[in-house]
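Structure file target_9.csv (CSV, C-alpha atoms) is printed below.
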```
chain,number,residue,atom,x,y,z
X,1297,ARG,CA,0.0,0.0,0.0
X,1298,PHE,CA,1.5,3.3,-1.1
X,1299,SER,CA,0.4,6.9,-0.8
X,1300,ARG,CA,-0.6,8.1,-4.2
X,1301,SER,CA,-2.3,10.9,-6.1
X,1302,CYS,CA,-4.1,11.0,-9.4
X,1303,GLN,CA,-4.7,14.2,-11.4
X,1304,ALA,CA,-5.1,15.2,-15.0
X,1305,ARG,CA,-1.8,15.0,-16.9
X,1306,GLU,CA,-2.8,18.0,-19.0
X,1307,ALA,CA,-4.9,20.8,-17.5
X,1308,ALA,CA,-5.3,24.5,-17.8
X,1309,THR,CA,-6.8,27.3,-15.7
X,1310,ILE,CA,-8.6,29.8,-17.9
X,1311,TYR,CA,-8.1,33.5,-17.0
X,1312,SER,CA,-9.3,36.8,-18.4
X,1313,PRO,CA,-6.5,38.2,-20.6
X,1314,PHE,CA,-7.1,41.7,-19.2
X,1315,ALA,CA,-9.7,43.8,-17.5
X,1316,ALA,CA,-13.0,43.2,-19.3
X,1317,ARG,CA,-16.7,42.6,-18.9
X,1318,LEU,CA,-18.0,39.0,-19.2
X,1319,VAL,CA,-20.6,38.8,-22.0
X,1320,THR,CA,-21.3,35.0,-22.6
X,1321,ILE,CA,-20.2,31.7,-21.1
X,1322,HIS,CA,-20.4,29.2,-24.0
X,1323,VAL,CA,-19.8,26.0,-22.0
X,1324,ASP,CA,-21.0,24.3,-18.9
X,1325,ARG,CA,-19.2,22.0,-16.5
X,1326,GLY,CA,-18.7,18.6,-18.0
X,1327,ALA,CA,-18.6,20.0,-21.6
X,1328,SER,CA,-16.0,18.4,-23.9
X,1329,VAL,CA,-13.8,21.0,-25.8
X,1330,GLU,CA,-11.1,21.0,-28.4
X,1331,PRO,CA,-8.1,23.3,-28.7
X,1332,GLY,CA,-9.3,26.7,-30.0
X,1333,ASP,CA,-13.0,26.3,-29.0
X,1334,VAL,CA,-14.4,29.5,-27.6
X,1335,LEU,CA,-15.2,29.2,-23.9
X,1336,ILE,CA,-16.1,32.7,-22.9
X,1337,THR,CA,-16.7,36.0,-24.7
X,1338,LEU,CA,-15.6,39.2,-23.0
X,1339,GLU,CA,-15.9,42.8,-24.1
X,1340,SER,CA,-13.8,45.9,-23.5
X,1341,PRO,CA,-15.5,49.3,-24.3
X,1342,GLU,CA,-12.1,51.0,-23.9
X,1343,LEU,CA,-10.5,48.8,-26.6
X,1344,LYS,CA,-13.5,49.2,-28.9
X,1345,ALA,CA,-13.3,53.0,-28.5
X,1346,ARG,CA,-9.5,52.9,-29.2
X,1347,ALA,CA,-10.1,50.8,-32.4
X,1348,ARG,CA,-12.8,53.3,-33.6
X,1349,SER,CA,-10.5,56.3,-32.9
X,1350,LEU,CA,-7.5,54.7,-34.8
X,1351,GLU,CA,-9.7,53.7,-37.7
X,1352,TYR,CA,-11.0,57.3,-38.0
X,1353,ASP,CA,-7.5,58.7,-37.9
X,1354,LYS,CA,-6.4,56.2,-40.6
X,1355,GLN,CA,-9.3,57.3,-42.9
X,1356,GLN,CA,-8.3,61.0,-42.4
X,1357,ILE,CA,-4.7,60.3,-43.3
X,1358,GLN,CA,-5.7,58.2,-46.3
X,1359,THR,CA,-7.9,61.1,-47.5
X,1360,ARG,CA,-5.0,63.6,-47.2
X,1361,ILE,CA,-2.6,61.2,-49.0
X,1362,ASN,CA,-5.1,60.9,-51.9
X,1363,ARG,CA,-5.2,64.7,-52.2
X,1364,ARG,CA,-1.4,65.0,-52.0
X,1365,VAL,CA,-1.0,62.5,-54.8
X,1366,ALA,CA,-2.8,64.9,-57.0
X,1367,MET,CA,-0.3,67.6,-56.0
X,1368,PRO,CA,3.1,65.7,-56.1
X,1369,ASP,CA,5.1,68.9,-55.6
X,1370,ASP,CA,4.9,68.5,-51.8
X,1371,LEU,CA,6.8,65.2,-51.6
X,1372,LYS,CA,8.2,65.7,-48.1
X,1373,GLN,CA,4.7,66.1,-46.7
X,1374,LEU,CA,3.5,63.0,-48.6
X,1375,GLN,CA,6.3,60.9,-47.1
X,1376,ALA,CA,5.3,62.1,-43.6
X,1377,LEU,CA,1.7,61.1,-44.2
X,1378,TYR,CA,2.7,57.6,-45.4
X,1379,GLN,CA,4.8,57.2,-42.3
X,1380,ARG,CA,1.8,58.1,-40.1
X,1381,LEU,CA,-0.4,55.8,-42.0
X,1382,ARG,CA,2.0,52.9,-41.3
X,1383,GLU,CA,2.0,53.7,-37.6
X,1384,LEU,CA,-1.8,53.8,-37.4
X,1385,GLU,CA,-2.0,50.4,-39.2
X,1386,SER,CA,0.4,48.9,-36.8
X,1387,GLU,CA,-1.5,50.2,-33.8
X,1388,LEU,CA,-4.8,48.9,-35.3
X,1389,SER,CA,-3.2,45.5,-35.8
X,1390,GLY,CA,-2.2,45.4,-32.1
X,1391,VAL,CA,-5.7,46.5,-30.9
X,1392,ALA,CA,-7.3,43.9,-33.2
X,1393,ALA,CA,-5.1,41.2,-31.7
X,1394,GLN,CA,-6.2,42.3,-28.2
X,1395,LEU,CA,-9.9,42.2,-29.3
X,1396,GLU,CA,-9.4,38.7,-30.6
X,1397,LEU,CA,-8.2,37.7,-27.1
X,1398,LEU,CA,-11.7,38.6,-25.8
X,1399,GLN,CA,-12.8,35.4,-27.4
X,1400,VAL,CA,-11.3,33.2,-24.7
X,1401,ARG,CA,-10.4,29.8,-26.2
X,1402,SER,CA,-9.4,26.5,-24.8
X,1403,PRO,CA,-5.7,25.8,-25.1
X,1404,ILE,CA,-6.2,22.0,-24.8
X,1405,ALA,CA,-8.6,19.2,-25.6
X,1406,GLY,CA,-10.5,18.0,-22.6
X,1407,MET,CA,-13.4,18.6,-20.3
X,1408,VAL,CA,-14.6,21.7,-18.5
X,1409,THR,CA,-14.3,20.5,-14.9
X,1410,ASP,CA,-14.9,23.6,-12.9
X,1411,ARG,CA,-16.5,27.0,-13.2
X,1412,TYR,CA,-15.4,29.4,-10.5
X,1413,ARG,CA,-17.8,31.2,-8.2
X,1414,ASP,CA,-19.5,34.4,-9.1
X,1415,ILE,CA,-18.6,34.0,-12.8
X,1416,HIS,CA,-21.6,35.3,-14.7
X,1417,PRO,CA,-22.5,37.5,-17.7
X,1418,GLY,CA,-22.3,41.2,-16.9
X,1419,ARG,CA,-19.5,40.8,-14.3
X,1420,TRP,CA,-16.3,42.8,-14.7
X,1421,VAL,CA,-13.2,40.6,-14.3
X,1422,LYS,CA,-9.6,41.4,-13.7
X,1423,PRO,CA,-6.6,40.0,-15.6
X,1424,ASP,CA,-5.9,37.4,-12.9
X,1425,THR,CA,-9.5,36.3,-12.5
X,1426,GLN,CA,-9.9,32.6,-12.8
X,1427,LEU,CA,-12.8,31.7,-15.0
X,1428,LEU,CA,-12.8,28.0,-15.9
X,1429,PHE,CA,-10.7,24.9,-15.4
X,1430,VAL,CA,-10.2,22.5,-18.3
X,1431,ALA,CA,-8.6,19.1,-17.9
X,1432,ASN,CA,-7.8,16.2,-20.2
X,1433,VAL,CA,-9.4,13.5,-18.1
X,1434,ALA,CA,-8.6,10.8,-20.6
X,1435,GLN,CA,-4.9,11.0,-19.5
X,1436,PRO,CA,-4.7,11.1,-15.7
X,1437,GLU,CA,-1.4,11.6,-14.1
X,1438,LEU,CA,-0.9,8.7,-11.7
X,1439,MET,CA,2.0,9.1,-9.3
X,1440,ALA,CA,2.9,7.2,-6.1
X,1441,MET,CA,5.5,7.7,-3.4
X,1442,MET,CA,7.0,4.3,-2.5
X,1443,HIS,CA,9.0,3.6,0.6
X,1444,GLU,CA,12.6,2.4,0.1
X,1445,ARG,CA,11.9,-1.0,1.7
X,1446,HIS,CA,9.5,-1.9,-1.1
X,1447,LEU,CA,11.8,-0.9,-4.0
X,1448,GLU,CA,13.2,-4.3,-4.6
X,1449,ARG,CA,9.8,-6.0,-4.7
X,1450,VAL,CA,8.1,-3.9,-7.3
X,1451,GLY,CA,9.1,-3.9,-11.0
X,1452,ASP,CA,8.0,-2.4,-14.3
X,1453,GLU,CA,4.5,-3.7,-15.4
X,1454,SER,CA,3.5,-4.6,-11.8
X,1455,ARG,CA,-0.3,-4.5,-11.6
X,1456,ALA,CA,-2.0,-2.3,-9.0
X,1457,LEU,CA,-5.3,-0.9,-7.9
X,1458,PHE,CA,-5.7,2.8,-7.0
X,1459,VAL,CA,-8.3,3.3,-4.3
X,1460,PRO,CA,-9.3,7.0,-3.9
X,1461,ASP,CA,-9.9,8.4,-0.4
X,1462,ASN,CA,-13.1,9.9,-1.7
X,1463,ALA,CA,-15.7,7.1,-1.7
X,1464,GLU,CA,-17.6,8.8,-4.5
X,1465,LEU,CA,-14.9,8.0,-6.9
X,1466,THR,CA,-14.3,4.6,-8.5
X,1467,SER,CA,-11.1,2.6,-8.1
X,1468,MET,CA,-8.8,2.3,-11.0
X,1469,SER,CA,-6.7,-0.6,-12.3
X,1470,VAL,CA,-3.2,0.5,-13.2
X,1471,GLU,CA,0.2,-0.7,-14.1
X,1472,VAL,CA,3.7,0.5,-13.2
X,1473,ASP,CA,5.1,2.6,-15.9
X,1474,THR,CA,8.3,4.0,-14.4
X,1475,ILE,CA,10.2,3.7,-11.1
X,1476,TYR,CA,12.4,6.6,-10.6
X,1477,GLN,CA,15.6,5.3,-9.0
X,1478,VAL,CA,16.4,8.5,-7.2
X,1479,ASN,CA,15.5,9.2,-3.6
X,1480,ASP,CA,13.3,12.3,-3.5
X,1481,ASP,CA,14.8,14.9,-1.1
X,1482,GLN,CA,11.6,16.9,-1.5
X,1483,LEU,CA,8.1,15.4,-1.5
X,1484,GLY,CA,6.8,17.5,-4.5
X,1485,PHE,CA,3.2,16.5,-3.7
X,1486,ASP,CA,2.3,18.5,-0.6
X,1487,TYR,CA,-1.2,16.9,-0.4
X,1488,LEU,CA,0.5,13.6,0.5
X,1489,ALA,CA,2.4,15.1,3.4
X,1490,SER,CA,1.5,14.2,6.9
X,1491,VAL,CA,1.0,17.9,7.8
X,1492,PHE,CA,-1.9,18.0,5.3
X,1493,GLY,CA,-3.5,14.7,6.3
X,1494,GLY,CA,-1.4,12.5,4.0
X,1495,ASP,CA,0.5,9.3,4.9
X,1496,ILE,CA,4.1,10.4,4.3
X,1497,ALA,CA,5.9,11.7,7.4
X,1498,VAL,CA,7.7,15.0,6.5
X,1499,VAL,CA,9.7,17.8,8.0
X,1500,ALA,CA,9.7,21.4,6.7
X,1501,ASP,CA,12.9,22.3,4.8
X,1502,GLU,CA,14.7,25.7,4.3
X,1503,GLN,CA,13.1,26.2,0.9
X,1504,GLY,CA,9.6,26.2,2.3
X,1505,GLY,CA,8.8,22.7,1.1
X,1506,TYR,CA,8.6,19.4,2.8
X,1507,ALA,CA,11.2,16.7,2.9
X,1508,PRO,CA,10.2,13.0,3.6
X,1509,ILE,CA,11.7,11.7,6.9
X,1510,ASP,CA,12.2,8.2,5.4
X,1511,ALA,CA,13.5,7.5,1.9
X,1512,VAL,CA,10.8,7.5,-0.7
X,1513,TYR,CA,10.8,7.0,-4.5
X,1514,ARG,CA,8.4,8.1,-7.1
X,1515,VAL,CA,6.5,5.6,-9.2
X,1516,ARG,CA,4.5,6.5,-12.3
X,1517,PHE,CA,1.5,4.4,-13.4
X,1518,HIS,CA,-0.8,4.3,-16.4
X,1519,ALA,CA,-4.4,3.1,-16.5
X,1520,LEU,CA,-4.8,-0.4,-18.0
X,1521,SER,CA,-7.7,0.7,-20.3
X,1522,PRO,CA,-8.9,4.1,-21.5
X,1523,GLU,CA,-12.5,3.5,-20.3
X,1524,ASN,CA,-11.1,2.7,-16.8
X,1525,ASN,CA,-11.6,6.3,-15.6
X,1526,LEU,CA,-12.2,7.2,-12.0
X,1527,TYR,CA,-13.4,10.6,-13.0
X,1528,LYS,CA,-16.6,9.5,-14.7
X,1529,GLY,CA,-19.6,11.4,-13.5
X,1530,VAL,CA,-17.5,13.3,-10.9
X,1531,ALA,CA,-16.0,16.1,-13.0
X,1532,ASP,CA,-16.0,18.5,-10.1
X,1533,HIS,CA,-13.2,16.5,-8.4
X,1534,ILE,CA,-10.8,16.8,-11.3
X,1535,HIS,CA,-9.7,20.3,-10.6
X,1536,GLY,CA,-7.5,19.1,-7.7
X,1537,ALA,CA,-5.4,16.0,-7.3
X,1538,VAL,CA,-7.3,13.0,-6.0
X,1539,ARG,CA,-5.5,11.4,-3.0
X,1540,GLY,CA,-5.7,7.7,-2.3
X,1541,ALA,CA,-3.7,4.5,-1.9
X,1542,VAL,CA,-2.2,1.9,-4.2
X,1543,LEU,CA,-2.7,-1.8,-3.6
X,1544,ILE,CA,0.1,-3.3,-5.6
X,1545,GLU,CA,1.0,-6.9,-6.6
X,1546,ALA,CA,4.5,-7.5,-5.2
X,1547,SER,CA,6.7,-10.5,-4.6
X,1548,ALA,CA,6.6,-12.1,-1.2
X,1549,GLU,CA,9.6,-11.6,1.1
X,1550,SER,CA,10.7,-13.5,4.2
X,1551,VAL,CA,11.6,-11.9,7.5
X,1552,ALA,CA,15.3,-12.8,7.0
X,1553,GLY,CA,15.2,-11.3,3.6
X,1554,ARG,CA,13.8,-8.0,5.0
X,1555,ILE,CA,16.5,-7.9,7.6
X,1556,TYR,CA,19.2,-8.6,5.0
X,1557,ARG,CA,18.0,-5.8,2.8
X,1558,ALA,CA,17.8,-3.4,5.6
X,1559,LEU,CA,21.3,-4.2,6.7
X,1560,ALA,CA,22.5,-3.9,3.1
X,1561,ARG,CA,21.0,-0.5,2.7
X,1562,VAL,CA,22.6,0.8,5.9
X,1563,LEU,CA,26.0,-0.6,4.9
X,1564,LEU,CA,25.7,0.9,1.4
X,1565,ARG,CA,24.8,4.3,2.8
X,1566,GLU,CA,27.6,4.3,5.4
X,1567,SER,CA,30.2,3.2,2.8
X,1568,GLY,CA,29.2,6.1,0.6
X,1569,PHE,CA,27.5,4.3,-2.3
```
Conversion result in structure tokens:
Amino acid sequence: RFSRSCQAREAATIYSPFAARLVTIHVDRGASVEPGDVLITLESPELKARARSLEYDKQQIQTRINRRVAMPDDLKQLQALYQRLRELESELSGVAAQLELLQVRSPIAGMVTDRYRDIHPGRWVKPDTQLLFVANVAQPELMAMMHERHLERVGDESRALFVPDNAELTSMSVEVDTIYQVNDDQLGFDYLASVFGGDIAVVADEQGGYAPIDAVYRVRFHALSPENNLYKGVADHIHGAVRGAVLIEASAESVAGRIYRALARVLLRESGF
């Protein structure tokens, strides 16, 4: 049994690109989306006014250029007008790009798993306002922290069962994909730490993180079948990592074998290997 977490491998929090008013929310929680799909439409009266002003100035300059072409004697003035026209076109292009960002699109394929509170049409939002959360639930990230004493007993392709702490979620059959043969000095998954209710005993380190008291190793898993998805029907749980435990098939070991391995580890450490 190992402490383990499961979360979407690919996910994105959707923000407002800048201060704007929310006009339309095009998707609901649970909706499937593709990259580029419009999720939310915003509007910025300030940007619209800026675009109208620039377009008006551009038309005025173009009119003056047309008149100057009929009187080519003032070449210096004509060159200045052309320069100003290029500047206005460049500014208009920049404003048009900003207006396009008001159509907030999904950067990934996945499912809309969360819609943040108080997000509704008519509300003004800031650039750092979180709007939606999109996750690729078909590719969950399955990662466990394994104690050193189990390292010799688990190999690649070992079968396991992930049992979520949340009883509303279904268990998932998985298989070992990678065992990282490096002891983690930092936990990396705070929600597995004992100080947050997890099973791994930790101490705070100087960097503000948490270091495991005992040696632990990361193990990556993959689901055995695409349809084996613990997220089905519970999209609101996908936003955060799902904490649980892994029940894994491992080779049996005698008491003498465990003592030998423990002694071997101590000797290896003390001898500097």
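Between X:Ser1467 and the candidates X:Gly1540, X:Gly1406, X:Gly1332, X:Gly1326, the tightest atom-to-atom separation, counting all atoms listed in the file, involves X:Gly1540.
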- Name the residues in contact with X:Pro1417 at a cut-off of 10 Å, using only C-alpha atoms, excluding same-chain residues fewer than 5 positions from it; report them as a list in words. Arg1317, Leu1318, Val1319, Thr1320, Ile1321, Ile1336, Thr1337 and Leu1338 of chain X
- Item | Two-atom distance - atom CA of X:Asp1324, atom CA of X:Asn1462 (Å) |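 Interatomic distance, atom CA of X:Asp1324 to atom CA of X:Asn1462: 23.8 Å.
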Cut-off 6 Å around (-3.0, 1.1, -16.8) with all atoms listed in the file: residues as a PDB file with C-alpha atoms, in the frame of the given file:
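Below is the file that was written, point-v5.pdb:
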```pdb
ATOM      1  CA  VAL X1470      -3.200   0.500 -13.200  1.00  0.00           C
ATOM      2  CA  GLU X1471       0.200  -0.700 -14.100  1.00  0.00           C
ATOM      3  CA  HIS X1518      -0.800   4.300 -16.400  1.00  0.00           C
ATOM      4  CA  ALA X1519      -4.400   3.100 -16.500  1.00  0.00           C
ATOM      5  CA  LEU X1520      -4.800  -0.400 -18.000  1.00  0.00           C
ATOM      6  CA  SER X1521      -7.700   0.700 -20.300  1.00  0.00           C
TER       7      SER X1521
END
```
- Message: Please determine, counting only C-alpha atoms, which residue among X:Ile1509, X:Leu1428, X:Leu1384, X:Ala1541 has the shortest atom-to-atom distance to X:His1416.
- Response: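 Of X:Ile1509, X:Leu1428, X:Leu1384, X:Ala1541, the one nearest X:His1416, counting only C-alpha atoms, is X:Leu1428.
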- Message: Restricting the calculation to all atoms listed in the file: of X:Gln1399, X:Thr1309, X:Ser1469, X:Ser1454, which residue gets closest to X:His1322?
- Response: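 Once distances to X:His1322 are computed over all atoms listed in the file, the minimum belongs to X:Gln1399.
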